[in-house]
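**Student:** Please find one structure pasted underneath; my questions will follow.
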Amino acid sequence: MSIRSLRRLASLLPCDRFLAEPQQLATYASDGLTAFHEQPLAIAIPETIEEVITLVRFCRDEELAFVARGSGTSLSGGSLPIAGGIVIALNRLNRILRLDPAQRIAVVEPGVINLQVTQAAAAFNLHYAPDPSSQSICTIGGNVAFNSGGAHCLKYGMTSNHVLGIKAVLASGELVEWGSASRENVGADWCGLFTGNEGLFGIALEITLQLLPRPECYHTVLAGYRTLEQAGDAVSAIIASGLLPGAMEIMDALALEAATAAVHAEYPPGCEAVLIVELEGPREVVATECQRLDAIIAASQPVQARPARDADERVAIWKGRKSAFSAVGRLSPDFIVQDGVVPRKRLGEALRRIGEMTRDAGLRCANVFHAGDGNLHPLILFDGRETGTLARAEALAGRILKMCVEMGGSLTGEHGIGMEKRDYLPEMFTADEIDCMQRVRAAFDPNGIANPGKMFPGGEAPALQQRGLHPLEKSGAISRE
Amino acid sequence: MNDDSRSNSLREITPLSIDELADAVRSTPRLLAVGARTKPRLSNVAAEFEKISTRRISGIIEYDPSEFTFTALAGTRLDEIVSALAEKGQYLPFDPMLVEAGATLGGTVASGLSGPGRLRFGGIRDFILGVRFVDGAGRMLRMGGKVVKNAAGFDLPKFFVGSLGCFGVLGELTFKVFPRPTCTLTLQLSVSGIDDAARLLADASNKRWEPDALELLPDGQSVVLRLAGPESSLVEISREILREHSGESLTAVEAATLWRNLREFRWADLNGALIKVATTASQLPSLHEALKNEAAQMHVSAGGDVAYIASPDGAAIAAKLQELTLRGIMLRGTGPLWCGRHAKSDITHAVKNALDPDGRFPRIDP
């Protein structure tokens with residue numbers, strides 16, 4: 001880029017919102033996938049949607065690559081900067097523009113934090129359902145770009161199931177508005193196509209989210225089992241019973257050890273696995289269904305089953321679960337997390353094979369997963385200071401991903417392909433299918449300037465080096481799942 | 001392949017397998033895929049577009065109840081799917097429409113129609129997981145996945161919902177399903193007019209009761225609320241609702257008839273126009289007002305998020321929707337396909353061009 005162009009770019013924003021000093025750029029060099037880092041040309045920090053549009057159109061005119069970034073918690077390297085490109089940091093577009101309790105919607109800017117939507121909606125007894133474990137820091141813009149999930153996806157779906165409307169500036173410079181405050185749509189589902197675009201189509205500027213009434217009542221049970229297989233069998237029995245729990249999560253022994261150390265969570269002793277099941281709904285319904293659930297769990301021979309007796313106990317159960325990932329950071333200097341999906345009935349087989357592959361690689365792996373939807377989260381532990389271990393850990397991660405696809409599942413349940421899994425995309429899609437996706441991408445981004453190098457295989461690989469945990473992760477503010 | 005019926009106005013090419021479907025697409029320069037034609041306005045396109053029917057490409061090809069998923073060919077009739085799921089205690093929570101009329105799964109996706117049950121867990125877009133389709137270049141492609149959770153690649157399966165066959169021909173579809181609630185209970189609540197009705201729809205949607213369906217009937221005088229769950233709890237919740245609102249619970253037979261009439265659009269004249277409109281509960285009073293001098297009937301579905309309007313004069317309704325800046329689509333009758341406000345954008349054409357470079361399928365233009 002010419003000096004003249006760079007000056008023109010810098011002049012688009014006040015100098016305190018245009019960062020180009022090396023020490024300022026370093027903050028943005030990595031996202032939640034810390035193994036990758038890349039120094040961008042500059043960081044632009046717009047405060048209004050007009051400024052975002054101006055920046056994107058500048059990038060279009062100059063064919064300058066850009067990466068939209070929220071809180072930088074992507075676990076697939078999705079918000080990793082592009083060498084020679086700019087980062088458009090959207091954290092200051094953080095206004096909740098409208099909250100309509102009668103229609104049960106919130107219209108938000110992309111930099112609004114996920115949990116803030118639920119906090120704002122709580123006054124009306126509503127909530128925003130998608131709850132990625134990084135929800136206290138991740139932004140709605142990032143959630144939309146990567147179609148984020150959470151612990152409640154089987155019953156409530158992912159981010160895309162809660163996006164009713166999107167106003168966006170596309171990489172072509174076009175300003176579009178899709179959807180509305182209505183849950184129903186007429187014509188092709190553009191919001192559905194845009195959600196999960198991994199930053200390759202453009203930047204969402206205003207997002208209309210559906211809110212749901214807060215469930216009146218919960219019944220949360222924590223059950224410990226001697227083996228992972230028994231916990232898996234309990235999940236199968238619950239599914240077969242016709243119950244539809246809001247969440248079903250399993251943690252293995254290593255994850256339990258980590259959570260115990262980190263947040264002093266208490267689990268039944270001698271357990272190889274803990275299952276968390278949560279029912280929710282009107283009190284009369286939960287009162288009936290909890291009897292069925294408790295009977296199924298009692299019949300599944302747990303070491304101990306412990307229903308939460310009050311809201312505090314429920315919070316404690318979830319705190320242990322949601323902290324598991326950052327807690328694992330205490331057991332190992334470095335780790336990689338994967339999020340492949342397998343058909344639910346093959347969970348047991350998948351976990352056994354992960355165990356075998358991990359032993360063969362001479363590594364350790366903790367497992368925390370969404371058992372209801374077959375979404376695995378193997379955490380591969382390693383010490384990046386030892387030569388060759390990062391490569392071994394990456395190779396193991398790759399074998400796990402291939403296994404998921406072979407079993408009829410998916411490369412990713414909720415983290416996206418990003419930088420991390422782009423070379424595995426052909427495991428799941430044919431050359432024609434990838435070509436089709438690339439043509440769609442080119443329709444939105446004819447110059448290939450929006451987050452280039454992500455999702456699709458090939459392209460220049462950025463620097464890969466082990467840098468330890470993300471600073472926010474070390475502090476326990478965020479976790480990987 | 002069977003094209004013996006080309007002579008009449010409903011002539012169509014009827015491939016017998018998904019491979020024949022791809023061949024038929026490749027050898028037909030202008031075409032529109034059709035199913036059972038239960039929404040006839042949607043397939044009423046320029047005569048140059050030959051019709052390829054998917055109705056002989058039919059059958060559930062994978063169904064594993066423990067996975068909460070099934071995969072079926074596009075021409076599979078909804079009634080076959082509904083009964084196969086019911087046998088295993090499961091259902092499609094978006095509550096498909098026109099089941100008895102013979103609607104197909106592919107046609108339901110392409111038209112983007114969901115039923116009253118979309119209130120609770122979402123519409124058809126929220127349950128579609130994967131598609132196999134033929135693009136305009138004649139390539140058979142798979143997008144999405146076959147597991148309940150998947151974030152790999154662009155979400156073209158969702159994009160096809162409501163796309164009217166303009167971007168590709170659907171061959172096979174994978175859906176998420178849920179366990180069927182053990183029991184349902186329907187309450188009929190009386191309302192004093194459209195304002196009262198709009199208020200009740202919004203209020204009841206926000207209550208702790210978690211209604212399964214919430215509809216304003218075409219008579220304009222009653223809101224029906226369906227609860228779903230264990231029987232004993234429904235009775236208790238229904239008592240609370242009936243203390244707050246005047247009304248009564250329907251018998252199982254009455255309820256079944258009522259829901260069938262709504263699902264099959266039996267309240268609407270088969271020969272008139274039938275238009276689906278995306279709305280909100282707060283827009284209903286002005287919509288009602290705009291229709292008051294028209295010979296129109298309106299069924300409001302899903303807590304106020306969709307209205308179905310039946311009228312002998314579709315064009316007049318379309319003009320009213322334009323004034324109100326509402327968006328609709330005509331399912332039956334004569335008049336414009338796209339009714340009301342539809343913004344044009346460059347991206348529509350760019351994506352159309354990416355998926356259908358030769359213009360094999362109809363244009364998506366309003």
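Going by the structure tokens order, chains are called A, B, ..., each with residues numbered from 1, while ligands are numbered from 1 in the order shown.
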Using only C-alpha atoms, which residues sit within 8 Å of Thr227 in chain A once same-chain residues fewer than 5 positions away are excluded, as a ChimeraX atom specification?
**Tutor:** /A:271-273
**Student:** Take the residues from that selection and write them out as a PDB file, in the first residue's frame, keeping N, CA and C atoms.
**Tutor:**
```
ATOM      1  N   CYS A 271     -15.000 -40.832  40.396  1.00  0.00           N
ATOM      2  CA  CYS A 271     -15.762 -40.823  39.142  1.00  0.00           C
ATOM      3  C   CYS A 271     -14.849 -40.566  37.949  1.00  0.00           C
ATOM      4  N   GLU A 272     -15.079 -41.294  36.903  1.00  0.00           N
ATOM      5  CA  GLU A 272     -14.381 -41.075  35.632  1.00  0.00           C
ATOM      6  C   GLU A 272     -15.133 -40.068  34.769  1.00  0.00           C
ATOM      7  N   ALA A 273     -16.386 -39.833  35.122  1.00  0.00           N
ATOM      8  CA  ALA A 273     -17.193 -38.931  34.291  1.00  0.00           C
ATOM      9  C   ALA A 273     -18.317 -38.320  35.108  1.00  0.00           C
TER      10      ALA A 273
END
```
**Student:** List the spatial neighbours of range 319-323 of chain A as an NGL selection string - criterion: any atom at most 7 Å away, only C-alpha atoms, same-chain residues fewer than 5 positions off excluded.
**Tutor:** :A and (133 or 259 or 263 or 265 or 479)
**Student:** Using the selection just defined, write its residues with N, CA and C atoms as a PDB file, in the first residue's frame.
**Tutor:**
```
ATOM      1  N   SER A 133     -19.315 -20.378  26.017  1.00  0.00           N
ATOM      2  CA  SER A 133     -18.671 -20.241  27.333  1.00  0.00           C
ATOM      3  C   SER A 133     -17.928 -18.929  27.476  1.00  0.00           C
ATOM      4  N   ALA A 259     -11.310 -28.628  36.984  1.00  0.00           N
ATOM      5  CA  ALA A 259     -12.364 -27.767  37.534  1.00  0.00           C
ATOM      6  C   ALA A 259     -12.295 -27.747  39.060  1.00  0.00           C
ATOM      7  N   VAL A 263     -11.940 -23.901  40.437  1.00  0.00           N
ATOM      8  CA  VAL A 263     -13.052 -23.179  41.071  1.00  0.00           C
ATOM      9  C   VAL A 263     -13.588 -23.931  42.278  1.00  0.00           C
ATOM     10  N   ALA A 265     -14.795 -26.743  42.493  1.00  0.00           N
ATOM     11  CA  ALA A 265     -16.032 -27.491  42.256  1.00  0.00           C
ATOM     12  C   ALA A 265     -15.925 -28.835  42.984  1.00  0.00           C
ATOM     13  N   SER A 479     -12.843 -18.612  28.369  1.00  0.00           N
ATOM     14  CA  SER A 479     -12.444 -20.003  28.274  1.00  0.00           C
ATOM     15  C   SER A 479     -12.744 -20.501  26.877  1.00  0.00           C
TER      16      SER A 479
END
```
**Student:** Could you name the residues that touch Pro230 in chain B at 12 Å or less, counting only C-alpha atoms, but leaving out those on the same chain fewer than 5 positions away, as a list in words?
**Tutor:** Gly242, Leu243, Gly281, Pro282, Arg283, Glu284, Val285, Val286, Ala287, Thr288, Glu289, Cys290, Gln291 and Arg292 of chain A; Arg180, Pro181, Thr182, Cys183, Thr184, Leu185, Val235, Glu236 and Ile237 of chain B
**Student:** Mind checking DSSP for range 257-404 of chain A and telling me the alpha helix (DSSP H) residues as a ChimeraX atom specification?
**Tutor:** /A:257-263,283-299,311-328,347-360,389-404
**Student:** In terms of the shortest atom-to-atom distance over only C-alpha atoms, which of A:Thr358, A:Gln39, A:Asn143, A:Thr27 is closest to Gly78 in chain A?
**Tutor:** A:Asn143
**Student:** Check range 4-47 of chain A with DSSP on the backbone and list each residue it calls strand (DSSP E), as an MDAnalysis selection string.
**Tutor:** chainID A and resid 18:19 36:37 42:44
**Student:** Go ahead and dump the residues you just picked, C-alpha atoms, as a PDB file, in the first residue's frame.
**Tutor:**
```pdb
ATOM      1  CA  PHE A  18      -6.151   4.505  14.263  1.00  0.00           C
ATOM      2  CA  LEU A  19      -3.320   2.418  15.669  1.00  0.00           C
ATOM      3  CA  PHE A  36      -1.146 -18.280  15.369  1.00  0.00           C
ATOM      4  CA  HIS A  37      -0.051 -14.687  15.311  1.00  0.00           C
ATOM      5  CA  ALA A  42      -3.013  -1.026  11.284  1.00  0.00           C
ATOM      6  CA  ILE A  43      -6.002  -1.183  13.615  1.00  0.00           C
ATOM      7  CA  ALA A  44      -9.038   0.959  12.836  1.00  0.00           C
TER       8      ALA A  44
END
```
**Student:** With a distance cut-off of 7 Å and only C-alpha atoms, select the neighbouring residues of Ala397 in chain A, excluding the residue or stretch itself and same-chain residues fewer than 4 positions from it, and output the selection as a list in words.
**Tutor:**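 In the requested format, the answer is Gln338, Ala393 and Leu401 of chain A.
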**Student:** Within 7 Å of range 68-71 of chain B, counting only C-alpha atoms, which residues show up once you throw out same-chain ones fewer than 5 positions away? Write them as a list in words, please.
**Tutor:**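 Those residues are Ile60, Ile61, Glu62, Tyr63, Val148, Glu172, Leu173, Thr174, Phe175, Lys176, Val177 and Phe178 of chain B.
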**Student:** I want to know what sits within 6 Å of Leu274 in chain B, based on only C-alpha atoms, with residues of the same chain fewer than 2 positions away left out; could you give that as a ChimeraX atom specification?
**Tutor:** /B:309-310,330-332
**Student:** Kindly indicate which residue among A:Tyr28, A:Phe66, A:Phe382, A:Phe444 lies nearest to chain B, using only C-alpha atoms for the distances.
**Tutor:**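 Closest to chain B of all the choices is A:Phe444.
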